[in-house]
file run_10.txt (compact mmCIF, C-alpha atoms)
# COMPACT_ATOMS: atom_id res chain seq x y z
CA MET S 88 0.00 0.00 0.00
CA TYR S 89 2.71 2.53 0.97
CA GLY S 90 5.49 0.73 -0.88
CA PRO S 91 8.65 2.33 -2.34
CA LYS S 92 6.76 3.63 -5.40
CA TYR S 93 4.14 5.47 -3.35
CA PRO S 94 4.51 9.18 -4.28
CA ALA S 95 5.12 10.41 -0.72
CA ARG S 96 7.86 7.79 -0.36
CA ARG S 97 9.46 9.10 -3.57
CA LEU S 98 9.27 12.65 -2.23
CA LEU S 99 10.83 11.56 1.08
CA ASP S 100 13.64 9.90 -0.89
CA LEU S 101 14.48 13.47 -1.90
CA VAL S 102 13.70 15.56 1.18
CA GLY S 103 13.17 13.03 4.01
CA ASP S 104 16.03 14.08 6.25
CA LYS S 105 16.89 16.84 8.70
CA TRP S 106 18.74 19.13 6.31
CA THR S 107 17.58 18.97 2.70
CA PRO S 108 14.33 20.91 3.28
CA ILE S 109 16.25 23.63 5.15
CA VAL S 110 18.85 23.94 2.38
CA LEU S 111 16.11 24.18 -0.26
CA PHE S 112 14.31 26.77 1.84
CA CYS S 113 17.51 28.72 2.33
CA LEU S 114 18.26 28.80 -1.42
CA ALA S 115 14.76 29.88 -2.42
CA ASP S 116 15.21 33.61 -1.88
CA ALA S 117 18.61 33.86 -3.60
CA SER S 118 21.50 31.81 -4.92
CA LYS S 119 24.20 31.52 -2.30
CA ARG S 120 27.86 30.72 -1.87
CA TYR S 121 28.94 27.72 0.17
CA SER S 122 30.22 29.99 2.96
CA GLU S 123 26.91 31.85 3.06
CA LEU S 124 25.04 28.58 3.46
CA GLN S 125 27.40 27.63 6.27
CA ARG S 126 26.68 30.93 7.97
CA GLU S 127 22.92 30.49 7.71
CA LEU S 128 23.07 26.87 8.92
CA PRO S 129 25.50 27.32 11.80
CA ASP S 130 25.44 23.72 13.01
CA ILE S 131 25.62 21.77 9.75
CA SER S 132 28.85 19.86 9.19
CA LYS S 133 30.88 20.50 6.04
CA LYS S 134 30.44 16.85 5.13
CA MET S 135 26.65 17.00 5.47
CA LEU S 136 26.28 20.28 3.56
CA THR S 137 28.41 18.93 0.72
CA GLN S 138 26.41 15.70 0.63
CA VAL S 139 23.04 17.50 0.58
CA LEU S 140 24.15 19.91 -2.17
CA ARG S 141 25.59 17.09 -4.25
CA ALA S 142 22.39 15.02 -4.03
CA LEU S 143 20.32 18.07 -5.00
CA GLU S 144 22.65 18.68 -7.95
CA THR S 145 22.45 15.04 -9.07
CA HIS S 146 18.66 15.30 -9.08
CA GLY S 147 18.77 18.53 -11.08
CA LEU S 148 17.30 20.58 -8.25
CA VAL S 149 20.32 22.77 -7.59
CA GLU S 150 22.75 24.23 -10.10
CA ARG S 151 26.35 24.98 -9.25
CA LEU S 152 27.56 28.18 -10.88
CA VAL S 153 31.30 28.80 -11.04
CA HIS S 154 32.19 32.44 -11.68
CA ALA S 155 35.49 33.07 -13.47
CA THR S 156 36.88 35.37 -10.83
CA VAL S 157 40.23 35.04 -9.06
CA PRO S 158 39.80 32.98 -6.95
CA PRO S 159 36.81 31.36 -8.69
CA GLN S 160 33.52 31.84 -6.82
CA THR S 161 30.98 29.07 -6.61
CA GLU S 162 27.30 29.73 -6.13
CA TYR S 163 24.42 27.35 -5.58
CA LYS S 164 21.10 28.15 -7.18
CA LEU S 165 17.74 26.40 -7.31
CA THR S 166 16.82 25.19 -10.81
CA PRO S 167 13.19 25.56 -11.97
CA ASP S 168 12.62 21.98 -10.75
CA GLY S 169 14.20 22.86 -7.41
CA MET S 170 11.86 25.85 -7.21
CA ARG S 171 8.93 23.52 -7.84
CA LEU S 172 10.02 21.26 -4.99
CA HIS S 173 10.37 24.31 -2.84
CA ALA S 174 6.57 24.62 -2.76
CA PRO S 175 5.86 21.66 -0.43
CA VAL S 176 9.01 22.40 1.56
CA SER S 177 8.02 26.00 2.23
CA ALA S 178 4.52 24.84 3.20
CA LEU S 179 6.18 22.66 5.84
CA CYS S 180 8.42 25.50 7.04
CA ASN S 181 5.55 27.96 7.19
CA TRP S 182 3.40 25.52 9.11
CA ALA S 183 6.25 25.13 11.60
CA SER S 184 6.59 28.90 12.05
CA ALA S 185 2.84 29.20 12.67
CA ASN S 186 2.95 26.33 15.20
CA GLU S 187 6.11 27.15 17.09
CA GLU S 188 4.51 26.87 20.55
CA PHE S 189 2.95 23.54 19.73
CA LEU S 190 6.36 22.23 18.63
CA ASP S 191 7.87 23.46 21.90
CA VAL S 192 5.23 21.62 23.92
CA VAL S 193 5.81 18.39 21.99
CA HIS S 194 9.59 18.60 22.40
CA ARG S 195 9.39 19.44 26.10
CA ARG S 196 7.17 16.41 26.61
CA ALA S 197 9.86 14.12 25.18
CA GLU S 198 12.60 15.81 27.21
CA SER S 199 10.69 15.17 30.44
CA ALA S 200 9.54 11.65 29.55
CA PRO S 201 10.29 9.26 32.45
CA GLY S 202 13.59 7.48 32.16
CA SER S 203 14.41 8.81 28.73
CA ALA S 204 17.05 11.29 27.79
CA HIS S 205 15.77 13.29 24.85
CA ARG S 206 15.67 11.03 21.84
CA GLY S 207 14.47 11.94 18.39
CA VAL S 208 14.07 9.64 15.43
CA ASP S 209 17.50 9.31 13.86
CA MET X 101 19.59 32.19 11.09
CA TYR X 102 18.37 28.60 10.60
CA GLY X 103 19.80 27.35 13.89
CA PRO X 104 18.47 24.41 15.95
CA LYS X 105 15.63 26.54 17.42
CA TYR X 106 14.28 27.57 14.02
CA PRO X 107 10.71 26.20 13.85
CA ALA X 108 11.21 24.16 10.69
CA ARG X 109 14.28 22.56 12.30
CA ARG X 110 12.14 21.64 15.32
CA LEU X 111 9.53 20.13 13.01
CA LEU X 112 12.19 18.16 11.15
CA ASP X 113 13.47 16.86 14.49
CA LEU X 114 10.07 15.14 14.65
CA VAL X 115 9.33 14.16 11.05
CA GLY X 116 12.61 14.68 9.16
CA ASP X 117 13.24 11.10 8.09
CA LYS X 118 12.01 8.61 5.51
CA TRP X 119 9.40 6.88 7.65
CA THR X 120 7.80 9.05 10.33
CA PRO X 121 5.62 11.05 7.91
CA ILE X 122 4.41 7.81 6.28
CA VAL X 123 3.56 6.22 9.64
CA LEU X 124 1.65 9.35 10.71
CA PHE X 125 -0.17 9.39 7.37
CA CYS X 126 -0.98 5.71 7.70
CA LEU X 127 -2.44 6.14 11.21
CA ALA X 128 -4.57 9.15 10.30
CA ASP X 129 -7.54 7.25 8.92
CA ALA X 130 -7.75 4.68 11.73
CA SER X 131 -5.85 3.25 14.67
CA LYS X 132 -3.90 0.18 13.62
CA ARG X 133 -2.22 -2.89 14.98
CA TYR X 134 1.50 -3.38 14.57
CA SER X 135 0.93 -6.15 12.04
CA GLU X 136 -1.40 -3.93 10.02
CA LEU X 137 1.24 -1.23 9.89
CA GLN X 138 3.77 -3.80 8.72
CA ARG X 139 1.40 -4.88 5.97
CA GLU X 140 0.85 -1.31 4.77
CA LEU X 141 4.58 -0.50 4.89
CA PRO X 142 5.91 -3.68 3.27
CA ASP X 143 9.59 -2.71 3.28
CA ILE X 144 9.99 -1.19 6.75
CA SER X 145 12.16 -3.20 9.12
CA LYS X 146 10.75 -4.27 12.48
CA LYS X 147 13.49 -2.31 14.19
CA MET X 148 12.68 0.89 12.28
CA LEU X 149 8.91 0.61 12.78
CA THR X 150 9.39 0.07 16.51
CA GLN X 151 11.78 3.02 16.73
CA VAL X 152 9.42 5.36 14.84
CA LEU X 153 6.41 4.35 16.95
CA ARG X 154 8.36 4.73 20.18
CA ALA X 155 9.57 8.23 19.28
CA LEU X 156 6.03 9.24 18.35
CA GLU X 157 4.78 7.85 21.67
CA THR X 158 7.49 9.67 23.64
CA HIS X 159 6.42 12.93 22.00
CA GLY X 160 2.76 12.27 22.81
CA LEU X 161 1.80 11.99 19.16
CA VAL X 162 0.80 8.33 19.18
CA GLU X 163 -1.00 6.42 21.90
CA ARG X 164 -0.51 2.71 22.43
CA LEU X 165 -3.76 0.98 23.38
CA VAL X 166 -3.56 -2.50 24.88
CA HIS X 167 -6.84 -4.41 24.71
CA ALA X 168 -7.40 -7.01 27.42
CA THR X 169 -8.04 -9.86 25.03
CA VAL X 170 -6.29 -13.23 25.00
CA PRO X 171 -3.70 -12.77 23.61
CA PRO X 172 -3.64 -9.02 24.35
CA GLN X 173 -4.04 -6.84 21.26
CA THR X 174 -2.06 -3.64 20.87
CA GLU X 175 -3.23 -0.77 18.73
CA TYR X 176 -1.52 2.46 17.77
CA LYS X 177 -3.62 5.58 17.54
CA LEU X 178 -2.87 9.22 16.79
CA THR X 179 -3.44 11.52 19.77
CA PRO X 180 -5.05 14.95 19.17
CA ASP X 181 -1.50 16.38 18.95
CA GLY X 182 -0.55 13.66 16.47
CA MET X 183 -3.61 14.59 14.45
CA ARG X 184 -2.48 18.20 14.47
CA LEU X 185 0.94 17.20 13.15
CA HIS X 186 -0.78 15.14 10.53
CA ALA X 187 -1.87 18.38 8.78
CA PRO X 188 1.55 19.37 7.38
CA VAL X 189 2.41 15.72 6.75
CA SER X 190 -0.70 15.10 4.69
CA ALA X 191 -0.05 18.33 2.75
CA LEU X 192 3.34 16.85 1.82
CA CYS X 193 1.82 13.49 0.86
CA ASN X 194 -0.94 15.10 -1.18
CA TRP X 195 1.54 17.31 -3.00
CA ALA X 196 3.55 14.18 -3.85
CA SER X 197 0.48 12.39 -5.22
CA ALA X 198 -0.36 15.40 -7.38
CA ASN X 199 3.23 15.60 -8.67
CA GLU X 200 4.00 11.93 -9.25
CA GLU X 201 5.32 12.41 -12.79
CA PHE X 202 7.58 15.25 -11.73
CA LEU X 203 9.03 13.03 -8.99
CA ASP X 204 9.64 10.27 -11.55
CA VAL X 205 11.52 12.66 -13.82
CA VAL X 206 13.69 13.90 -10.95
CA HIS X 207 14.51 10.36 -9.81
CA ARG X 208 15.27 9.12 -13.33
CA ARG X 209 17.65 12.03 -13.76
CA ALA X 210 19.68 10.90 -10.74
CA GLU X 211 19.62 7.27 -11.88
CA SER X 212 21.09 8.21 -15.24
CA ALA X 213 23.60 10.77 -13.93
CA PRO X 214 27.04 10.07 -15.41
CA GLY X 215 29.26 7.90 -13.25
CA SER X 216 26.83 7.68 -10.39
CA ALA X 217 24.82 4.72 -9.24
CA HIS X 218 21.54 5.99 -7.84
CA ARG X 219 22.25 7.81 -4.65
CA GLY X 220 19.75 9.54 -2.44
CA VAL X 221 20.47 11.62 0.63
CA ASP X 222 20.90 9.19 3.49

call {"tool": "encode", "arguments": {"input": "run_10.txt", "output": "structure tokens"}}
result
Amino acid sequence: MYGPKYPARRLLDLVGDKWTPIVLFCLADASKRYSELQRELPDISKKMLTQVLRALETHGLVERLVHATVPPQTEYKLTPDGMRLHAPVSALCNWASANEEFLDVVHRRAESAPGSAHRGVD
Amino acid sequence: MYGPKYPARRLLDLVGDKWTPIVLFCLADASKRYSELQRELPDISKKMLTQVLRALETHGLVERLVHATVPPQTEYKLTPDGMRLHAPVSALCNWASANEEFLDVVHRRAESAPGSAHRGVD
């Protein structure tokens, strides 16, 4: 019923992790340099950011622009397909912003659960 | 800017993986037994399903109901908070269903990318 070909599964193959939606969201307003992305996502590792950008590139969702300056400058930009995928991602982000208190309550509940240090789904 | 307290980051702490949104989606129409969930999610491992359900329980999003039958029957049910979280998740799933062909194109592009076996973001 919800096998690997189910559309939501296919979508989660692309954005079902902690970082990809944030990177897409972050690139939606403007193309950005790697260092700018690092600044806006202060706690992402270099390895993870590179991996997310590379997967988005491979799927044709992000384009890597190399400017012929000295030293060369690299920018990451959403493609039209990346912009299209941004729609459901921004819906998610906007819902989260509108439900910030609810999210706090849910997280606090897990933090105070008996016998459990905070554990998310990894 | 998009640090750990950013609302979308908090939301992704809850649903930012390949399975949690699907499990929430699957429980939205009715409470279900573990074996029913396994049937509807044919390729989820027992370990992963247990982990997802436990995290949802810890966050107060899923309730585990044990019926006093012989043998006892256990059902998983969305709580009102789980139902609330179902809203953004179902928006994601519905968007995916409406954009199935687009998702196919994006996935095929990655499968045929030069020199790369299919790789998603893990």

call {"tool": "interface_residues", "arguments": {"input": "run_10.txt", "of": "chain X", "to": "chain S", "cutoff": "6 Å", "atoms": "only C-alpha atoms", "output": "list in words"}}
result
Met101, Tyr102, Gly103, Pro107, Ala108, Leu112, Gly116, Asp117, Lys118, Glu140, Leu141, Thr158, His159, Pro188, Leu192, Cys193, Ala196, Ser197, Glu200, Val206, Arg209 and Ala210 of chain X

call {"tool": "write_last_selection", "arguments": {"input": "run_10.txt", "atoms": "C-alpha atoms", "output": "short mmCIF file (atom, residue, chain, number, x, y, z; two decimals), keeping the file's coordinate frame"}}
result
data_model
loop_
_atom_site.label_atom_id
_atom_site.label_comp_id
_atom_site.auth_asym_id
_atom_site.auth_seq_id
_atom_site.Cartn_x
_atom_site.Cartn_y
_atom_site.Cartn_z
CA MET X 101 19.59 32.19 11.09
CA TYR X 102 18.37 28.60 10.60
CA GLY X 103 19.80 27.35 13.89
CA PRO X 107 10.71 26.20 13.85
CA ALA X 108 11.21 24.16 10.69
CA LEU X 112 12.19 18.16 11.15
CA GLY X 116 12.61 14.68 9.16
CA ASP X 117 13.24 11.10 8.09
CA LYS X 118 12.01 8.61 5.51
CA GLU X 140 0.85 -1.31 4.77
CA LEU X 141 4.58 -0.50 4.89
CA THR X 158 7.49 9.67 23.64
CA HIS X 159 6.42 12.93 22.00
CA PRO X 188 1.55 19.37 7.38
CA LEU X 192 3.34 16.85 1.82
CA CYS X 193 1.82 13.49 0.86
CA ALA X 196 3.55 14.18 -3.85
CA SER X 197 0.48 12.39 -5.22
CA GLU X 200 4.00 11.93 -9.25
CA VAL X 206 13.69 13.90 -10.95
CA ARG X 209 17.65 12.03 -13.76
CA ALA X 210 19.68 10.90 -10.74
#

call {"tool": "atom_distance", "arguments": {"input": "run_10.txt", "atom1": "CA of Leu124 in chain X", "atom2": "CA of Leu111 in chain S"}}
result
23.4 Å

call {"tool": "atom_distance", "arguments": {"input": "run_10.txt", "atom1": "CA of Lys119 in chain S", "atom2": "CA of Met170 in chain S"}}
result
14.4 Å

call {"tool": "residues_around", "arguments": {"input": "run_10.txt", "residues": "range 158-164 of chain S", "least_positions_apart": "6", "cutoff": "9 Å", "atoms": "all atoms listed in the file", "output": "number ranges by chain"}}
result
S: 114-115, 117-121, 140, 148-152

call {"tool": "atom_distance", "arguments": {"input": "run_10.txt", "atom1": "CA of Thr137 in chain S", "atom2": "CA of Val153 in chain S"}}
result
15.6 Å

call {"tool": "build_atoms", "arguments": {"input": "run_10.txt", "residues": "range 136-155 of chain X", "atoms": "N, CA and C atoms", "output": "mmCIF file, in the coordinates of the input"}}
result
data_model
loop_
_atom_site.group_PDB
_atom_site.id
_atom_site.type_symbol
_atom_site.label_atom_id
_atom_site.label_comp_id
_atom_site.auth_asym_id
_atom_site.auth_seq_id
_atom_site.Cartn_x
_atom_site.Cartn_y
_atom_site.Cartn_z
ATOM 1 N N GLU X 136 -0.760 -4.673 11.110
ATOM 2 C CA GLU X 136 -1.400 -3.930 10.020
ATOM 3 C C GLU X 136 -0.455 -2.892 9.448
ATOM 4 N N LEU X 137 0.265 -2.215 10.347
ATOM 5 C CA LEU X 137 1.240 -1.230 9.890
ATOM 6 C C LEU X 137 2.319 -1.900 9.035
ATOM 7 N N GLN X 138 2.757 -3.063 9.492
ATOM 8 C CA GLN X 138 3.770 -3.800 8.720
ATOM 9 C C GLN X 138 3.256 -4.174 7.330
ATOM 10 N N ARG X 139 1.969 -4.505 7.260
ATOM 11 C CA ARG X 139 1.400 -4.880 5.970
ATOM 12 C C ARG X 139 1.332 -3.660 5.043
ATOM 13 N N GLU X 140 0.997 -2.500 5.610
ATOM 14 C CA GLU X 140 0.850 -1.310 4.770
ATOM 15 C C GLU X 140 2.199 -0.688 4.383
ATOM 16 N N LEU X 141 3.225 -1.006 5.165
ATOM 17 C CA LEU X 141 4.580 -0.500 4.890
ATOM 18 C C LEU X 141 5.471 -1.706 4.634
ATOM 19 N N PRO X 142 5.312 -2.350 3.468
ATOM 20 C CA PRO X 142 5.910 -3.680 3.270
ATOM 21 C C PRO X 142 7.422 -3.740 3.448
ATOM 22 N N ASP X 143 8.124 -2.637 3.219
ATOM 23 C CA ASP X 143 9.590 -2.710 3.280
ATOM 24 C C ASP X 143 10.203 -2.025 4.499
ATOM 25 N N ILE X 144 9.399 -1.754 5.531
ATOM 26 C CA ILE X 144 9.990 -1.190 6.750
ATOM 27 C C ILE X 144 10.502 -2.343 7.610
ATOM 28 N N SER X 145 11.651 -2.138 8.245
ATOM 29 C CA SER X 145 12.160 -3.200 9.120
ATOM 30 C C SER X 145 11.419 -3.097 10.461
ATOM 31 N N LYS X 146 11.385 -4.229 11.169
ATOM 32 C CA LYS X 146 10.750 -4.270 12.480
ATOM 33 C C LYS X 146 11.411 -3.257 13.420
ATOM 34 N N LYS X 147 12.726 -3.205 13.329
ATOM 35 C CA LYS X 147 13.490 -2.310 14.190
ATOM 36 C C LYS X 147 13.102 -0.840 13.931
ATOM 37 N N MET X 148 13.001 -0.494 12.646
ATOM 38 C CA MET X 148 12.680 0.890 12.280
ATOM 39 C C MET X 148 11.252 1.232 12.682
ATOM 40 N N LEU X 149 10.304 0.331 12.428
ATOM 41 C CA LEU X 149 8.910 0.610 12.780
ATOM 42 C C LEU X 149 8.765 0.810 14.294
ATOM 43 N N THR X 150 9.431 -0.044 15.061
ATOM 44 C CA THR X 150 9.390 0.070 16.510
ATOM 45 C C THR X 150 9.978 1.400 16.971
ATOM 46 N N GLN X 151 11.097 1.779 16.360
ATOM 47 C CA GLN X 151 11.780 3.020 16.730
ATOM 48 C C GLN X 151 10.906 4.246 16.412
ATOM 49 N N VAL X 152 10.281 4.240 15.243
ATOM 50 C CA VAL X 152 9.420 5.360 14.840
ATOM 51 C C VAL X 152 8.221 5.469 15.782
ATOM 52 N N LEU X 153 7.577 4.335 16.068
ATOM 53 C CA LEU X 153 6.410 4.350 16.950
ATOM 54 C C LEU X 153 6.780 4.804 18.352
ATOM 55 N N ARG X 154 7.932 4.365 18.835
ATOM 56 C CA ARG X 154 8.360 4.730 20.180
ATOM 57 C C ARG X 154 8.639 6.234 20.284
ATOM 58 N N ALA X 155 9.292 6.778 19.264
ATOM 59 C CA ALA X 155 9.570 8.230 19.280
ATOM 60 C C ALA X 155 8.258 9.012 19.234
#
